[in-house]
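Enquirer: So here's final_39.txt, just compact mmCIF, C-alpha atoms:
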```
# COMPACT_ATOMS: atom_id res chain seq x y z
CA MET A 1 20.58 -17.59 16.65
CA SER A 2 19.23 -15.13 19.19
CA LEU A 3 18.20 -11.79 17.69
CA PRO A 4 17.14 -8.48 19.27
CA PHE A 5 13.48 -8.06 20.18
CA GLY A 6 11.39 -7.04 17.19
CA VAL A 7 13.71 -8.56 14.59
CA ARG A 8 13.16 -12.04 13.16
CA ARG A 9 14.84 -14.23 10.57
CA CYS A 10 12.99 -14.54 7.27
CA GLY A 11 14.58 -17.29 5.23
CA ASP A 12 18.32 -17.69 4.86
CA ARG A 13 19.03 -14.10 3.81
CA GLY A 14 16.29 -11.96 5.22
CA LEU A 15 15.39 -10.14 8.43
CA LEU A 16 11.90 -8.98 9.32
CA VAL A 17 11.69 -5.85 11.47
CA ASP A 18 8.44 -5.18 13.33
CA ALA A 19 7.45 -1.54 12.87
CA ASP A 20 4.51 0.74 13.63
CA ASP A 21 5.81 3.09 10.93
CA ALA A 22 7.05 0.61 8.35
CA ALA A 23 7.52 3.23 5.63
CA GLY A 24 9.59 5.40 7.98
CA ILE A 25 11.78 2.49 9.08
CA ALA A 26 12.28 1.40 5.47
CA ALA A 27 13.31 4.93 4.51
CA ALA A 28 15.75 5.06 7.42
CA VAL A 29 17.32 1.71 6.54
CA GLU A 30 17.72 2.75 2.91
CA ALA A 31 19.35 6.01 4.02
CA LEU A 32 21.93 4.08 6.06
CA ALA A 33 23.10 2.20 2.94
CA LEU A 34 24.19 -0.74 5.08
CA ALA A 35 26.80 -3.05 3.61
CA GLY A 36 25.32 -6.32 2.40
CA VAL A 37 21.72 -5.09 2.26
CA VAL A 38 20.29 -5.73 -1.20
CA GLU A 39 16.60 -4.86 -0.77
CA VAL A 40 14.32 -3.10 1.73
CA VAL A 41 10.60 -3.87 1.42
CA PRO A 42 8.05 -2.09 3.65
CA GLY A 43 4.78 -3.80 4.59
CA ALA A 44 1.81 -2.84 6.76
CA ALA A 45 3.52 -3.43 10.12
CA ALA A 46 6.96 -4.79 9.28
CA VAL A 47 9.95 -4.24 7.00
CA LEU A 48 11.74 -7.03 5.14
CA VAL A 49 15.48 -6.45 4.83
CA ARG A 50 17.16 -8.81 2.39
CA HIS A 51 20.92 -9.22 2.57
CA ASP A 52 23.63 -11.09 0.70
CA ALA A 53 26.16 -13.61 1.97
CA SER A 54 28.63 -10.90 2.99
CA ALA A 55 26.39 -9.60 5.77
CA ASP A 56 26.54 -10.81 9.37
CA PRO A 57 22.85 -11.37 10.20
CA ARG A 58 23.36 -10.93 13.95
CA ALA A 59 25.26 -7.64 13.57
CA LEU A 60 22.77 -6.42 10.97
CA ALA A 61 19.85 -7.29 13.25
CA THR A 62 21.42 -5.29 16.08
CA VAL A 63 21.66 -2.24 13.85
CA LEU A 64 18.10 -2.67 12.58
CA ALA A 65 16.71 -2.97 16.11
CA GLY A 66 17.99 0.53 16.88
CA VAL A 67 16.78 2.28 13.72
CA GLU A 68 14.38 5.18 14.22
CA PRO A 69 11.80 5.95 11.53
CA LEU A 70 12.71 8.64 9.07
CA ALA A 71 10.02 11.16 8.21
CA ARG A 72 9.21 11.06 4.52
CA SER A 73 8.09 14.05 2.52
CA THR A 74 5.06 12.84 0.60
CA GLU A 75 5.15 16.07 -1.41
CA SER A 76 8.34 14.90 -3.16
CA GLY A 77 6.74 11.84 -4.76
CA VAL A 78 5.44 11.75 -8.31
CA LEU A 79 1.73 12.61 -8.47
CA VAL A 80 -0.48 10.22 -10.46
CA GLU A 81 -4.08 11.16 -11.18
CA VAL A 82 -6.42 8.19 -11.55
CA PRO A 83 -9.75 8.82 -13.34
CA VAL A 84 -12.66 7.05 -11.61
CA VAL A 85 -16.26 6.38 -12.54
CA TYR A 86 -17.94 6.09 -9.15
CA ASP A 87 -20.54 3.42 -9.80
CA GLY A 88 -19.18 0.61 -7.64
CA ALA A 89 -21.30 -2.23 -6.32
CA ASP A 90 -20.63 -1.23 -2.70
CA LEU A 91 -20.95 2.55 -2.99
CA ASP A 92 -24.41 2.69 -1.44
CA ASP A 93 -23.46 0.18 1.27
CA VAL A 94 -20.41 2.24 2.25
CA ALA A 95 -22.63 5.33 2.41
CA ALA A 96 -25.13 3.53 4.65
CA ALA A 97 -22.40 2.11 6.91
CA THR A 98 -20.80 5.52 7.41
CA GLY A 99 -23.98 7.58 7.70
CA LEU A 100 -23.11 9.52 4.57
CA THR A 101 -24.72 9.94 1.20
CA ALA A 102 -23.21 8.30 -1.88
CA SER A 103 -22.26 11.77 -3.10
CA ASP A 104 -20.47 12.44 0.20
CA VAL A 105 -18.50 9.21 -0.18
CA VAL A 106 -17.41 10.19 -3.68
CA ARG A 107 -16.52 13.70 -2.56
CA LEU A 108 -14.41 12.53 0.40
CA HIS A 109 -12.69 9.75 -1.52
CA SER A 110 -11.73 12.01 -4.42
CA ALA A 111 -10.76 14.98 -2.22
CA ALA A 112 -7.95 13.15 -0.42
CA GLU A 113 -4.36 12.87 -1.57
CA TYR A 114 -2.94 9.40 -1.02
CA ASP A 115 0.53 7.95 -1.06
CA VAL A 116 1.61 4.39 -1.75
CA ALA A 117 2.69 2.88 1.57
CA PHE A 118 3.61 -0.53 0.15
CA CYS A 119 2.63 -3.06 -2.49
CA GLY A 120 1.42 -6.62 -2.11
CA PHE A 121 -1.38 -9.15 -2.60
CA ALA A 122 -0.88 -9.12 -6.39
CA PRO A 123 1.57 -7.48 -8.82
CA GLY A 124 0.70 -3.80 -9.04
CA PHE A 125 -1.66 -3.81 -6.03
CA ALA A 126 -0.71 -0.67 -4.08
CA TYR A 127 -1.93 0.01 -0.56
CA LEU A 128 -2.83 3.70 -0.54
CA ARG A 129 -2.54 5.61 2.71
CA GLY A 130 -4.57 8.78 3.30
CA LEU A 131 -8.18 7.59 3.28
CA ASP A 132 -10.51 9.95 5.12
CA THR A 133 -11.30 8.28 8.46
CA ARG A 134 -15.00 8.79 7.80
CA LEU A 135 -14.73 6.22 5.00
CA ALA A 136 -13.03 3.51 7.06
CA VAL A 137 -15.17 0.37 6.68
CA PRO A 138 -14.30 -3.31 7.22
CA ARG A 139 -13.69 -5.79 4.45
CA LEU A 140 -16.62 -7.86 3.22
CA ALA A 141 -17.47 -10.78 5.48
CA ALA A 142 -17.46 -13.04 2.41
CA PRO A 143 -14.95 -11.99 -0.30
CA ARG A 144 -16.06 -11.95 -3.91
CA THR A 145 -14.65 -14.67 -6.13
CA ARG A 146 -14.26 -12.15 -8.95
CA VAL A 147 -13.37 -8.48 -8.77
CA PRO A 148 -12.90 -6.81 -12.18
CA ALA A 149 -9.57 -5.24 -13.08
CA GLY A 150 -9.55 -1.49 -12.45
CA SER A 151 -11.94 -1.66 -9.50
CA VAL A 152 -11.34 1.19 -7.05
CA ALA A 153 -11.95 0.05 -3.51
CA VAL A 154 -11.60 0.75 0.20
CA ALA A 155 -11.08 -1.45 3.26
CA ASP A 156 -10.21 -0.47 6.82
CA THR A 157 -7.97 2.60 6.48
CA TRP A 158 -6.76 1.85 2.95
CA SER A 159 -7.77 2.48 -0.62
CA ALA A 160 -6.56 0.58 -3.69
CA VAL A 161 -7.04 -0.23 -7.36
CA TYR A 162 -7.28 -3.88 -8.37
CA PRO A 163 -4.64 -4.31 -11.10
CA ARG A 164 -6.29 -7.34 -12.66
CA GLU A 165 -9.31 -9.58 -12.18
CA SER A 166 -8.99 -11.53 -8.95
CA PRO A 167 -10.86 -12.55 -5.82
CA GLY A 168 -11.15 -9.79 -3.25
CA GLY A 169 -12.99 -8.58 -0.18
CA TRP A 170 -12.59 -4.80 -0.43
CA ARG A 171 -15.59 -2.51 -0.85
CA LEU A 172 -15.95 -1.38 -4.46
CA LEU A 173 -16.57 2.34 -4.98
CA GLY A 174 -15.92 2.63 -8.70
CA ARG A 175 -13.71 1.73 -11.62
CA THR A 176 -10.85 3.17 -13.64
CA ASP A 177 -9.41 2.44 -17.06
CA ALA A 178 -5.90 3.35 -15.86
CA ALA A 179 -3.52 0.42 -16.31
CA VAL A 180 -1.95 0.13 -12.88
CA TRP A 181 -0.01 -2.97 -13.98
CA ASP A 182 1.38 -3.52 -17.47
CA SER A 183 4.07 -6.17 -17.87
CA ALA A 184 5.12 -4.60 -21.18
CA ARG A 185 5.82 -1.25 -19.49
CA THR A 186 9.00 -0.21 -17.66
CA PRO A 187 8.44 -0.21 -14.77
CA PRO A 188 5.29 -2.36 -15.01
CA ALA A 189 3.69 -0.90 -11.85
CA LEU A 190 2.09 2.53 -12.22
CA LEU A 191 1.96 3.00 -8.44
CA ALA A 192 5.20 2.39 -6.53
CA PRO A 193 5.96 3.13 -2.86
CA GLY A 194 6.19 6.88 -2.34
CA THR A 195 3.98 7.74 -5.32
CA ARG A 196 1.27 10.30 -4.61
CA VAL A 197 -2.22 9.51 -5.90
CA ARG A 198 -5.35 11.55 -6.53
CA PHE A 199 -8.64 10.04 -7.68
CA VAL A 200 -10.46 12.23 -10.18
CA GLU A 201 -14.18 11.69 -10.69
CA VAL A 202 -15.27 11.29 -14.30
CA ARG A 203 -18.72 10.70 -15.72
CA PRO A 204 -19.50 7.40 -17.49
```
Give the structure from the file, written as structure tokens.

Expert:
Amino acid sequence: MSLPFGVRRCGDRGLLVDADDAAGIAAAVEALALAGVVEVVPGAAAVLVRHDASADPRALATVLAGVEPLARSTESGVLVEVPVVYDGADLDDVAAATGLTASDVVRLHSAAEYDVAFCGFAPGFAYLRGLDTRLAVPRLAAPRTRVPAGSVAVADTWSAVYPRESPGGWRLLGRTDAAVWDSARTPPALLAPGTRVRFVEVRP
């Protein structure tokens, strides 16, 4: 089945829309309340649109190809403050790579207000948009086999909190005792798309 440029099939009941502003496209698709659409999931550079059997994938793809991103008001999201002890293993390396002091890194990281652009990698892992460009550093060349739960990290233009122990290649700035994922909680994820986030420095 031929689909419009920028829209691809994703399984039997999904369409993947390429997007520079994935959050804006996702918001626009949700606002349209298209018949047959059951879920809209933004990613870093694409939006997954899941549909049921009642939808015509070709017709739906045509509509999606013409959607313009919808500006989102980040001020309307719930604000979550995350306490952080800034003693991460990569704090000094990030400072050296950016030409800043460790104190500068902490100040810039905790001064920004972030919003959750999308979630992925692991349950509860939220990609936080809003990192000061002066703190943009690449991922580690060799990922760690073990990153402790609660690690607060940066990579490229993103910041995040590791919800549980896992491998990972992000640069570790500190740690938090905030439970960003709790399967016994409703909802289990503390940080959902659209949530606003502030990191608050605390002393160990």

Enquirer: Quick one, how far is atom CA of Ala96 of chain A from atom CA of Leu140 of chain A?

Expert: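 Atom CA of Ala96 of chain A sits 14.3 Å away from atom CA of Leu140 of chain A.
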
Enquirer: Pick the closest to Trp158 of chain A from A:Ala44, A:Val17, A:Ala179, A:Val105: which is it, counting all atoms listed in the file?

Expert: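 Nearest candidate to Trp158 of chain A out of A:Ala44, A:Val17, A:Ala179, A:Val105: A:Ala44.
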
Enquirer: For the point (4.5, -3.2, -8.5) in the file's frame, write as a ChimeraX atom specification all residues with an atom no more than 12 Å away, counting all atoms listed in the file.

Expert: /A:41,116-127,161-163,179-183,185-195

Enquirer: What gap, in Å, lies between atom CA of Arg171 of chain A and atom CA of Val152 of chain A?

Expert: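 Atom CA of Val152 of chain A lies at a distance of 8.4 Å from atom CA of Arg171 of chain A.
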
Enquirer: Kindly indicate which residue among A:Val78, A:Ala33, A:Leu15, A:Ala142 lies nearest to Leu60 of chain A, using only C-alpha atoms for the distances.

Expert: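 The shortest atom-to-atom distance to Leu60 of chain A comes from A:Leu15.
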
Enquirer: Step by step: start from the point (-19.1, 3.6, -11.9) in the file's coordinates, keep every protein, DNA or RNA residue that has an atom no farther than 8 Å from it, count all atoms listed in the file, and write the set as a list in words.

Expert: Val84, Val85, Tyr86, Asp87, Gly88, Leu173, Gly174, Arg175 and Pro204 of chain A

Enquirer: Please dump the current selection as an mmCIF file, in the coordinates of the input; keep C-alpha atoms.

Expert:
```
data_model
loop_
_atom_site.group_PDB
_atom_site.id
_atom_site.type_symbol
_atom_site.label_atom_id
_atom_site.label_comp_id
_atom_site.auth_asym_id
_atom_site.auth_seq_id
_atom_site.Cartn_x
_atom_site.Cartn_y
_atom_site.Cartn_z
ATOM 1 C CA VAL A 84 -12.660 7.050 -11.610
ATOM 2 C CA VAL A 85 -16.260 6.380 -12.540
ATOM 3 C CA TYR A 86 -17.940 6.090 -9.150
ATOM 4 C CA ASP A 87 -20.540 3.420 -9.800
ATOM 5 C CA GLY A 88 -19.180 0.610 -7.640
ATOM 6 C CA LEU A 173 -16.570 2.340 -4.980
ATOM 7 C CA GLY A 174 -15.920 2.630 -8.700
ATOM 8 C CA ARG A 175 -13.710 1.730 -11.620
ATOM 9 C CA PRO A 204 -19.500 7.400 -17.490
#
```

Enquirer: Quick one: distance from atom CA of Ala31 of chain A to atom CA of Leu64 of chain A in Å, one decimal?

Expert: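 Calculated distance between atom CA of Ala31 of chain A and atom CA of Leu64 of chain A is 12.3 Å.
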
Enquirer: Can you tell me which residues surround Pro143 of chain A at a distance of at most 12 Å, considering all atoms listed in the file, apart from same-chain residues fewer than 5 positions away, and format the answer as number ranges by chain?

Expert: A: 138, 155, 166-172
